[in-house]
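Chemist: Okay, here's the structure, questions in a sec.
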Amino acid sequence: MVFYVIRRILQAIPVLIGTTFLIYFLVFAMPGDPVAALFGDKQPNAELLKALREQYHLNEPFIVQYLYYLRDVVTGNFGTSFSGQSVNAVLADTIPVTARLALMAVIIEMIVGVAIGLVAGLRKGKLFDLSSLVVSLLFLSVPIFVIAFIGQFGLGFKLGLFPTTVGADASIPRLLLPAIVLAASLVAVNIRLTRGSVIETLGNDFVRTAFSKGLSRGRVIRVHVLRNSLIPVTTQLGADFGILLVGATVTEGIFNVPGVGQTLYQAIIRGERPTVVSFVTVMVLFYLVVNIVIDLVYAVLDPRIRYVK
Amino acid sequence: MRISRMGAIVGGIALATTVALAGCATGGGSNGADSGVISTNGSEPQNPLIPTNTNEVGGGKILDAIFAGLVYYEADGTPVNDLAESITSTDQQNYTVKIKSGEKFSNGEAVTSDSFINAWKDGALLSNKRLNSYFFEDIQGFSYDADSDLTGLKKVDDQTFTIALNSKLADFPLRLGYSAFYPLPKEAFDSNGQVTKAFGENPVGNGPYKLASKTAWQHNKKIDLTTNSSYTGGRKADNKGLSIVFYSDLGAAYQDLLSDNLDVLDALPDSAFANFKSDLGDRAINTPGAVFQSFTIPSNTANYTDQTAFAHFQGDEGKLRRAAISHAIDRDTITEKIFDGTRTPAVDFTSPTISGFNKDIPGSDVLKYDPDEAKKLWAEADAISPWSGSFSIAYNTDGGHKGWVDAVCNGLNNNLKGMDCSGKAYPTFQQARQLISKNDAGKRDITTAFRSGWQADYPGLFNFLGPLYATNASSNDGDYSNADFDNLLKEGSSEPDIDKANAKFTQAEEVLFKDLPAIPLWYQNTVGGFSTKVENVKVGWNSVPIYYQITKK
């Protein structure tokens with residue numbers, strides 16, 4: 001088990017270096033001069049431009065710039081944004097907000113998805129099953145920004161149930177609406193997965209055995225069916241959490257959530273290399289960690305899975 | 001333990017939830033919940049809040065609220081003395097500034113001549129890399145090439161200092177309301193006399209507002225300002241404070257305005273252009289602003305990498321073709337259909353919010369839509385040298401320009417024989433800008449006409465003309481040069497009487513109407529609205545709402 005975790009972490013190192021290099025290269029290849037763009041339509045003085053480029057090492061060749069960056073990262077310093085804030089501080093500001101939003105969305109998704117999926121699976125072919133199919137297909141096919149706008153306009157503006165945007169104070173009540181919107185876009189897959197998994201498990205011999213032992217229906221479903229059905233669902237929830245953590249850019253923009261996605265988007269627009277690369281690096285890191293955790297949770301859910309080496 | 005595995009998962013999730021959610025329990029109040037505080041939209045400042053280093057609206061809006069300069073501008077651009085007792089000159093080249101006594105920064109420090117002189121010297125020094133350094137270029141001692149002291153600034157006593165300029169500039173006092181000229185307190189400087197970034201993170205000013213606390217600036221979220229009781233000038237706040245909420249998506253800001261969560265919004269998402277007037281009724285804002293928009297056809301190709309690209313736009317043939325193009329654009333219809341009336345068709349090269357603006361400058365009828373005249377002029381040009389090739393207008397797709405470029409091209413293609421006009425799209429502003437600016441070899445790489453525009457730094461006609469069309473001026477991207485125009489600008493600048501100066505500038509515009517170094521299109525309106533909770537909302541000459549006058553109902 002310990003070996004397994006260490007191996008996975010070691011495997012993550014080349015992935016991290018590879019991705020930072022790739023992202024740094026892509027940002028470097030972005031056309032345009034970010035320093036000249038600071039002046040808008042106005043034409044700055046050539047000496048001033050030169051001095052600013054030197055400050056951000058923008059006059060150096062690509063590989064030198066990348067090495068400067070790596071040096072900074074190794075020393076735990078992700079650089080500074082154009083506004084003079086350290087990227088570490090920007091990360092520390094935005095990650096908790098996005099993490100909170102992602103967690104809320106996944107919890108909503110889990111509760112709603114597993115509940116509906118379980119009932120649909122148990123009542124296969126009945127009215128509830130069919131209508132859940134229709135509803136989940138609907139949510140699957142509508143793009144998230146449409147769901148977001150409908151939620152914002154309908155629930156937020158017309159009915160006044162939620163604040164229309166989140167703003168600086170990203171507290172749980174204010175994040176509820178965007179979390180619901182994010183969950184709505186993901187829950188359909190979860191419902192289908194849980195349903196399929198439940199149906200498959202119900203057909204297994206050990207379920208028939210459990211029933212013939214005389215166990216109550218509730219206990220069979222809870223202990224034998226649900227737990228075994230949850231293995232694929234857990235993977236999917238974990239993956240969803242990873243995706244949400246690396247920034248729900250569109251949703252964060254619509255609801256003005258001061259999170260990772262929105263900040264990254266702004267940094268890309270401004271061509272702020274340190275911010276963009278650092279954010280992506282941290283996102284990759286998150287994604288790797290979440291994936292390792294999911295694999296470990298497998299073993300907890302299914303004792304047959306053992307990570308020996 | 002039978003329940004251990006399932007329980008471990010549930011427990012783990014519950015624990016993780018608690019930890020993650022607990023981190024957020026310490027939030028502030030919601031937008032504008034405090035009575036008397038006006039909430040408005042903004043954007044995260046791109047630089048620390050140092051007046052000489054802020055050249056974009058996000059930071060500018062905050063600086064104008066927390067600082068006061070020698071003069072401020074009324075809604076129509078008229079300058080009014082703020083900290084200045086008087087600004088006098090006998091020759092329009094040497095100015096004497098007297099500061100009102102008893103003026104203080106919000107930390108209690110008195111505003112003296114040194115507060116201005118030290119701040120300006122810091123802003124002008126090349127090695128400090130201040131984005132607004134060009135504002136000091138007319139003061140004696142300024143240099144773009146090496147660190148050089150502003151020798152033109154001399155302290156007489158604590159309340160008086162003199163400014164010596166390189167040449168006569170009658171509108172110099174008018175410029176002094178711009179944020180680059182704000183004073184700074186002693187704590188802004190380090191031991192080397194340089195303004196520190198730390199000060200820019202938590203600035204101390206002397207304006208109608210001040211930062212509400214040490215943590216008032218929540219990066220990427222908002223900044224809270226409260227009124228500054230030590231400010232005694234003409235911009236005394238009629239409300240209890242300002243909460244500037246940063247939005248990266250204007251759609252979100254508009255939703256907040258509609259639901260009364262935001263008091264004042266001074267920009268709109270494109271999607272709201274069509275119906276904001278019906279959504280907001282008399283709470284909608286839509287007035288022309290000091291933003292001039294045009295497209296430039298290079299006048300002098302010596303500095304262009306591809307000199308053949310503009311061969312048809314030189315000399316007499318070029319003048320005829322430029323006029324023909326201008327006559328072939330239906331500005332009224334485009335501003336109405338494409339922009340839903342959020343642009344105002346241009347009638348000159350400046351802006352209607354500037355004092356001295358004249359809508360009837362002789363020659364300005366070249367901006368009228370007249371297909372017959374366009375065809376006639378085009379045929380005359382063809383007689384000199386037949387049109388060949390195609391015509392493109394470069395624009396950046398990240399700024400909502402595609403619609404009007406296509407519409408302008410349609411007009412040209414329909415009216416001008418063989419024109420073959422199309423838009424040339426560049427994905428980002430940065431990319432288009434790089435081609436227009438001179439490269440390291442001093443050449444411009446762009447091969448098409450390009451979108452151009454100007455947002456005024458101070459409300460003077462000269463600001464729309466000098467930097468853009470004077471020979472070798474900093475933002476003269478089309479490399480236009482006309483001795484008559486240069487002379488008229490110079491005469492206007494040395495004219496002490498503002499009306500006489502404006503008359504000269506107007507004459508200079510007459511020259512531009514003949515040469516059309518840029519084809520004027522329209523003025524960008526200030527669009528937005530305000531909530532049902534506030535009143536007395538007016539927009540200043542610079543498209544920013546006059547926050548200090550706004551009151552809560």
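Convention: chains lettered A, B, ... in structure tokens order; per-chain residue numbering from 1; ligands numbered from 1 as shown.
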Find the spatial neighbours of Pro545 (chain B), counting only C-alpha atoms, within a cut-off of 12 Å - ignore same-chain residues fewer than 2 positions away - and output them as an MDAnalysis selection string.
Modeler: chainID B and resid 38:42 61 64:65 74:75 242 263:267 285:287 289 526:530 535:543 547:550
Chemist: Keeping only N, CA and C atoms, write those residues as a short mmCIF file (atom, residue, chain, number, x, y, z; two decimals), in the first residue's frame.
Modeler:
data_model
loop_
_atom_site.label_atom_id
_atom_site.label_comp_id
_atom_site.auth_asym_id
_atom_site.auth_seq_id
_atom_site.Cartn_x
_atom_site.Cartn_y
_atom_site.Cartn_z
N ILE B 38 -22.40 53.20 -1.82
CA ILE B 38 -22.78 52.94 -3.20
C ILE B 38 -21.94 51.78 -3.73
N SER B 39 -22.58 50.77 -4.31
CA SER B 39 -21.79 49.70 -4.92
C SER B 39 -21.75 49.92 -6.43
N THR B 40 -20.61 49.64 -7.01
CA THR B 40 -20.46 49.83 -8.44
C THR B 40 -19.50 48.79 -9.00
N ASN B 41 -19.51 48.70 -10.34
CA ASN B 41 -18.66 47.70 -10.97
C ASN B 41 -17.25 48.23 -11.16
N GLY B 42 -16.29 47.33 -11.26
CA GLY B 42 -14.91 47.70 -11.53
C GLY B 42 -14.17 46.48 -12.01
N LYS B 61 -10.24 54.31 -11.80
CA LYS B 61 -11.48 54.61 -11.08
C LYS B 61 -11.23 54.74 -9.57
N ASP B 64 -8.93 57.94 -8.79
CA ASP B 64 -9.66 59.21 -8.84
C ASP B 64 -10.51 59.42 -7.60
N ALA B 65 -10.92 58.32 -6.98
CA ALA B 65 -11.74 58.45 -5.78
C ALA B 65 -10.90 58.74 -4.54
N GLU B 74 -15.36 68.97 -14.04
CA GLU B 74 -16.81 68.81 -13.89
C GLU B 74 -17.31 67.89 -15.00
N ALA B 75 -18.60 67.58 -14.95
CA ALA B 75 -19.15 66.61 -15.88
C ALA B 75 -18.87 66.97 -17.34
N LEU B 242 -17.95 53.87 -1.04
CA LEU B 242 -18.00 53.29 -2.37
C LEU B 242 -17.47 51.86 -2.25
N ASP B 263 -25.49 49.01 -7.42
CA ASP B 263 -26.14 50.31 -7.56
C ASP B 263 -25.85 51.00 -8.90
N VAL B 264 -24.60 50.99 -9.31
CA VAL B 264 -24.25 51.72 -10.54
C VAL B 264 -23.38 50.84 -11.42
N LEU B 265 -23.73 50.77 -12.70
CA LEU B 265 -22.96 49.98 -13.66
C LEU B 265 -22.60 50.91 -14.82
N ASP B 266 -21.32 51.01 -15.15
CA ASP B 266 -20.93 51.96 -16.20
C ASP B 266 -20.44 51.27 -17.46
N ALA B 267 -20.86 50.04 -17.67
CA ALA B 267 -20.55 49.32 -18.91
C ALA B 267 -21.62 48.25 -19.07
N ILE B 285 -28.36 54.53 -18.74
CA ILE B 285 -27.39 55.58 -19.09
C ILE B 285 -26.93 55.33 -20.52
N ASN B 286 -26.98 56.35 -21.36
CA ASN B 286 -26.49 56.22 -22.73
C ASN B 286 -26.14 57.60 -23.25
N THR B 287 -24.91 58.03 -23.03
CA THR B 287 -24.48 59.35 -23.49
C THR B 287 -23.12 59.23 -24.17
N GLY B 289 -19.31 59.52 -25.04
CA GLY B 289 -18.15 59.62 -24.16
C GLY B 289 -16.94 60.17 -24.90
N THR B 526 -21.09 56.14 -23.29
CA THR B 526 -21.05 55.51 -21.98
C THR B 526 -22.41 54.86 -21.78
N VAL B 527 -22.43 53.56 -21.61
CA VAL B 527 -23.71 52.87 -21.42
C VAL B 527 -23.70 52.18 -20.07
N GLY B 528 -24.86 52.06 -19.49
CA GLY B 528 -24.95 51.41 -18.20
C GLY B 528 -26.30 51.73 -17.58
N GLY B 529 -26.32 51.77 -16.28
CA GLY B 529 -27.57 52.06 -15.61
C GLY B 529 -27.36 52.10 -14.11
N PHE B 530 -28.44 52.41 -13.40
CA PHE B 530 -28.32 52.41 -11.94
C PHE B 530 -29.55 51.78 -11.33
N GLU B 535 -29.97 57.73 -6.57
CA GLU B 535 -30.34 58.80 -7.49
C GLU B 535 -29.18 59.77 -7.65
N ASN B 536 -29.38 60.80 -8.49
CA ASN B 536 -28.34 61.77 -8.82
C ASN B 536 -27.14 61.12 -9.49
N VAL B 537 -27.39 60.20 -10.41
CA VAL B 537 -26.31 59.55 -11.12
C VAL B 537 -26.03 60.32 -12.41
N LYS B 538 -24.84 60.86 -12.51
CA LYS B 538 -24.42 61.55 -13.73
C LYS B 538 -23.08 60.95 -14.15
N VAL B 539 -22.80 61.03 -15.46
CA VAL B 539 -21.55 60.48 -15.95
C VAL B 539 -20.60 61.62 -16.28
N GLY B 540 -19.35 61.48 -15.90
CA GLY B 540 -18.35 62.51 -16.17
C GLY B 540 -17.90 62.49 -17.62
N TRP B 541 -17.07 63.47 -17.98
CA TRP B 541 -16.59 63.59 -19.36
C TRP B 541 -15.81 62.35 -19.75
N ASN B 542 -15.21 61.66 -18.77
CA ASN B 542 -14.33 60.52 -19.06
C ASN B 542 -15.06 59.19 -18.97
N SER B 543 -16.39 59.20 -19.05
CA SER B 543 -17.22 58.00 -19.07
C SER B 543 -17.33 57.31 -17.71
N TYR B 547 -19.14 59.63 -8.86
CA TYR B 547 -19.58 58.87 -7.70
C TYR B 547 -19.89 59.74 -6.49
N TYR B 548 -19.11 60.82 -6.33
CA TYR B 548 -19.29 61.57 -5.10
C TYR B 548 -20.65 62.27 -5.02
N GLN B 549 -21.34 62.43 -6.17
CA GLN B 549 -22.64 63.09 -6.16
C GLN B 549 -23.81 62.12 -5.95
N ILE B 550 -23.54 60.83 -6.08
CA ILE B 550 -24.63 59.86 -6.02
C ILE B 550 -25.15 59.73 -4.59
#
Chemist: Under the rule that only C-alpha atoms are counted, which of A:Ala102, A:Val282, A:Ala168, A:Leu186 is the nearest residue to Val142 (chain A)?
Modeler: A:Leu186
Chemist: Among region 35-280 of chain A, which residues does DSSP mark as helix (DSSP H, G or I) when it is run on the backbone? Keep the chain and numbering as in the structure and answer as a PyMOL selection string.
Modeler: chain A and resi 35-37+46-55+62-74+87-122+127-141+144-158+172-202+205-212+217-245+249-254+260-270+273-280
Chemist: Using only C-alpha atoms, which of the listed residues (A:Val87, A:Val114, A:Ala46, A:Val189) sits closest to chain B?
Modeler: A:Ala46
Chemist: Figure out the distance between CA of Asp114 (chain B) and CA of Ala198 (chain B), please, to one decimal in Å.
Modeler: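 Interatomic distance, CA of Ala198 (chain B) to CA of Asp114 (chain B): 20.5 Å.
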Chemist: Got a sec: who's within 10 Å of region 58-72 of chain A, counting only C-alpha atoms, leaving out chain neighbours fewer than 5 positions off, as a list in words?
Modeler: Ile17, Thr20, Phe21, Tyr24, Phe25, Phe28, Ala29, Asp33, Pro34, Val35, Lys50, Ala51, Leu52, Arg53, Asn77, Phe78, Gly79, Arg273, Pro274, Val277 and Ser278 of chain A
Chemist: Those residues with N, CA and C atoms, as an mmCIF file, in the first residue's frame please?
Modeler:
data_model
loop_
_atom_site.group_PDB
_atom_site.id
_atom_site.type_symbol
_atom_site.label_atom_id
_atom_site.label_comp_id
_atom_site.auth_asym_id
_atom_site.auth_seq_id
_atom_site.Cartn_x
_atom_site.Cartn_y
_atom_site.Cartn_z
ATOM 1 N N ILE A 17 6.436 17.935 -14.687
ATOM 2 C CA ILE A 17 7.454 18.676 -15.439
ATOM 3 C C ILE A 17 7.036 18.795 -16.900
ATOM 4 N N THR A 20 4.174 21.435 -17.245
ATOM 5 C CA THR A 20 4.602 22.835 -17.125
ATOM 6 C C THR A 20 5.361 23.261 -18.370
ATOM 7 N N PHE A 21 6.226 22.351 -18.879
ATOM 8 C CA PHE A 21 6.987 22.712 -20.073
ATOM 9 C C PHE A 21 6.036 22.993 -21.229
ATOM 10 N N TYR A 24 4.051 26.175 -20.613
ATOM 11 C CA TYR A 24 4.920 27.342 -20.760
ATOM 12 C C TYR A 24 5.187 27.609 -22.234
ATOM 13 N N PHE A 25 5.413 26.529 -22.969
ATOM 14 C CA PHE A 25 5.689 26.705 -24.392
ATOM 15 C C PHE A 25 4.465 27.298 -25.101
ATOM 16 N N PHE A 28 4.050 30.853 -24.262
ATOM 17 C CA PHE A 28 5.119 31.592 -24.942
ATOM 18 C C PHE A 28 4.764 31.802 -26.403
ATOM 19 N N ALA A 29 4.152 30.772 -27.006
ATOM 20 C CA ALA A 29 3.844 30.836 -28.436
ATOM 21 C C ALA A 29 2.636 31.711 -28.726
ATOM 22 N N ASP A 33 2.382 40.956 -27.973
ATOM 23 C CA ASP A 33 3.349 41.413 -26.996
ATOM 24 C C ASP A 33 2.599 41.895 -25.761
ATOM 25 N N PRO A 34 2.628 41.132 -24.658
ATOM 26 C CA PRO A 34 1.825 41.515 -23.500
ATOM 27 C C PRO A 34 2.228 42.869 -22.930
ATOM 28 N N VAL A 35 3.488 43.250 -23.068
ATOM 29 C CA VAL A 35 3.922 44.528 -22.508
ATOM 30 C C VAL A 35 3.344 45.689 -23.321
ATOM 31 N N LYS A 50 11.413 48.443 -23.387
ATOM 32 C CA LYS A 50 12.579 47.599 -23.215
ATOM 33 C C LYS A 50 12.785 47.287 -21.722
ATOM 34 N N ALA A 51 12.684 48.331 -20.914
ATOM 35 C CA ALA A 51 12.908 48.158 -19.477
ATOM 36 C C ALA A 51 11.889 47.197 -18.884
ATOM 37 N N LEU A 52 10.608 47.323 -19.310
ATOM 38 C CA LEU A 52 9.567 46.447 -18.782
ATOM 39 C C LEU A 52 9.790 45.004 -19.230
ATOM 40 N N ARG A 53 10.198 44.832 -20.496
ATOM 41 C CA ARG A 53 10.454 43.473 -20.988
ATOM 42 C C ARG A 53 11.568 42.829 -20.187
ATOM 43 N N ASN A 77 8.424 29.763 -5.206
ATOM 44 C CA ASN A 77 7.922 31.084 -5.563
ATOM 45 C C ASN A 77 7.374 31.013 -6.981
ATOM 46 N N PHE A 78 6.084 31.180 -7.129
ATOM 47 C CA PHE A 78 5.455 31.042 -8.439
ATOM 48 C C PHE A 78 5.532 32.330 -9.251
ATOM 49 N N GLY A 79 6.256 33.314 -8.792
ATOM 50 C CA GLY A 79 6.385 34.553 -9.568
ATOM 51 C C GLY A 79 5.336 35.572 -9.169
ATOM 52 N N ARG A 273 2.218 35.263 -18.156
ATOM 53 C CA ARG A 273 2.772 33.904 -18.170
ATOM 54 C C ARG A 273 2.892 33.276 -16.791
ATOM 55 N N PRO A 274 3.494 33.941 -15.813
ATOM 56 C CA PRO A 274 3.668 33.268 -14.516
ATOM 57 C C PRO A 274 2.344 32.798 -13.927
ATOM 58 N N VAL A 277 0.866 29.712 -16.064
ATOM 59 C CA VAL A 277 1.594 28.455 -15.903
ATOM 60 C C VAL A 277 1.446 27.934 -14.472
ATOM 61 N N SER A 278 1.520 28.822 -13.493
ATOM 62 C CA SER A 278 1.419 28.363 -12.111
ATOM 63 C C SER A 278 0.044 27.770 -11.832
#
Chemist: Could you pull the residues within 10 Å of region 337-348 of chain B, counting only C-alpha atoms, minus those fewer than 5 positions along the same chain, as a VMD selection string?
Modeler: chain B and resid 268 270 272 to 276 285 to 289 291 to 294 330 to 332 357 to 361 363 to 368 403 to 404 407 506 509 to 510 512 to 513 519 to 527
Chemist: Show which residues sit within 10 Å of Lys168 (chain B), as a PyMOL selection string. Count only C-alpha atoms, and ignore same-chain residues fewer than 6 positions away.
Modeler: chain B and resi 91-94+138+490-496
Chemist: List as a list in words the protein and nucleic acid residues near Gly315 (chain B), meaning an atom at most 10 Å away when only C-alpha atoms are counted, but skip any in the same chain fewer than 3 places from it.
Modeler: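 The filter keeps Ser299, Asn300, Ala311, His312, Gly318, Lys319, Leu320 and Asp515 of chain B.
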Chemist: Any chance you can output those residues with C-alpha atoms as a PDB file, in the first residue's frame?
Modeler:
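Result file again-v1.pdb:
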ATOM      1  CA  SER B 299      -0.362  58.059 -44.892  1.00  0.00           C
ATOM      2  CA  ASN B 300       3.358  57.690 -45.261  1.00  0.00           C
ATOM      3  CA  ALA B 311       0.316  52.572 -52.941  1.00  0.00           C
ATOM      4  CA  HIS B 312      -3.190  53.724 -53.890  1.00  0.00           C
ATOM      5  CA  GLY B 318      -4.989  58.872 -51.890  1.00  0.00           C
ATOM      6  CA  LYS B 319      -6.935  61.956 -50.803  1.00  0.00           C
ATOM      7  CA  LEU B 320      -9.720  61.190 -53.300  1.00  0.00           C
ATOM      8  CA  ASP B 515      -6.175  64.497 -45.606  1.00  0.00           C
TER       9      ASP B 515
END
Chemist: Kindly assemble as JSON lines a list of the region 118-230 of chain A residues that lie within 9 Å of region 249-271 of chain A, each paired with its nearest atom pair and their distance in Å to one decimal, using only C-alpha atoms, sorted first by chain and then by ascending residue number.
Modeler:
{"residue": "A:Ile144", "atom": "CA", "partner": "A:Thr251", "partner_atom": "CA", "distance": 7.6}
{"residue": "A:Phe145", "atom": "CA", "partner": "A:Val250", "partner_atom": "CA", "distance": 6.7}
{"residue": "A:Ala148", "atom": "CA", "partner": "A:Thr251", "partner_atom": "CA", "distance": 6.7}
{"residue": "A:Phe149", "atom": "CA", "partner": "A:Ile254", "partner_atom": "CA", "distance": 7.7}
{"residue": "A:Gln152", "atom": "CA", "partner": "A:Phe255", "partner_atom": "CA", "distance": 7.9}
{"residue": "A:Thr164", "atom": "CA", "partner": "A:Phe255", "partner_atom": "CA", "distance": 6.9}
{"residue": "A:Thr165", "atom": "CA", "partner": "A:Phe255", "partner_atom": "CA", "distance": 4.5}
{"residue": "A:Val166", "atom": "CA", "partner": "A:Val257", "partner_atom": "CA", "distance": 5.5}
{"residue": "A:Gly167", "atom": "CA", "partner": "A:Asn256", "partner_atom": "CA", "distance": 5.6}
{"residue": "A:Ala168", "atom": "CA", "partner": "A:Pro258", "partner_atom": "CA", "distance": 6.7}
{"residue": "A:Asp169", "atom": "CA", "partner": "A:Pro258", "partner_atom": "CA", "distance": 9.0}
{"residue": "A:Ala170", "atom": "CA", "partner": "A:Val257", "partner_atom": "CA", "distance": 7.1}
{"residue": "A:Leu175", "atom": "CA", "partner": "A:Val257", "partner_atom": "CA", "distance": 8.1}
{"residue": "A:Leu177", "atom": "CA", "partner": "A:Phe255", "partner_atom": "CA", "distance": 8.7}
{"residue": "A:Pro178", "atom": "CA", "partner": "A:Thr251", "partner_atom": "CA", "distance": 6.8}
{"residue": "A:Val181", "atom": "CA", "partner": "A:Thr251", "partner_atom": "CA", "distance": 8.0}
{"residue": "A:Leu182", "atom": "CA", "partner": "A:Thr251", "partner_atom": "CA", "distance": 7.5}
Chemist: When you count only C-alpha atoms, which of these residues is closest to chain B: A:Arg217, A:Arg174, A:Arg192, A:Arg8?
Modeler: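 Looking only at the distances to chain B, the closest residue turns out to be A:Arg174.
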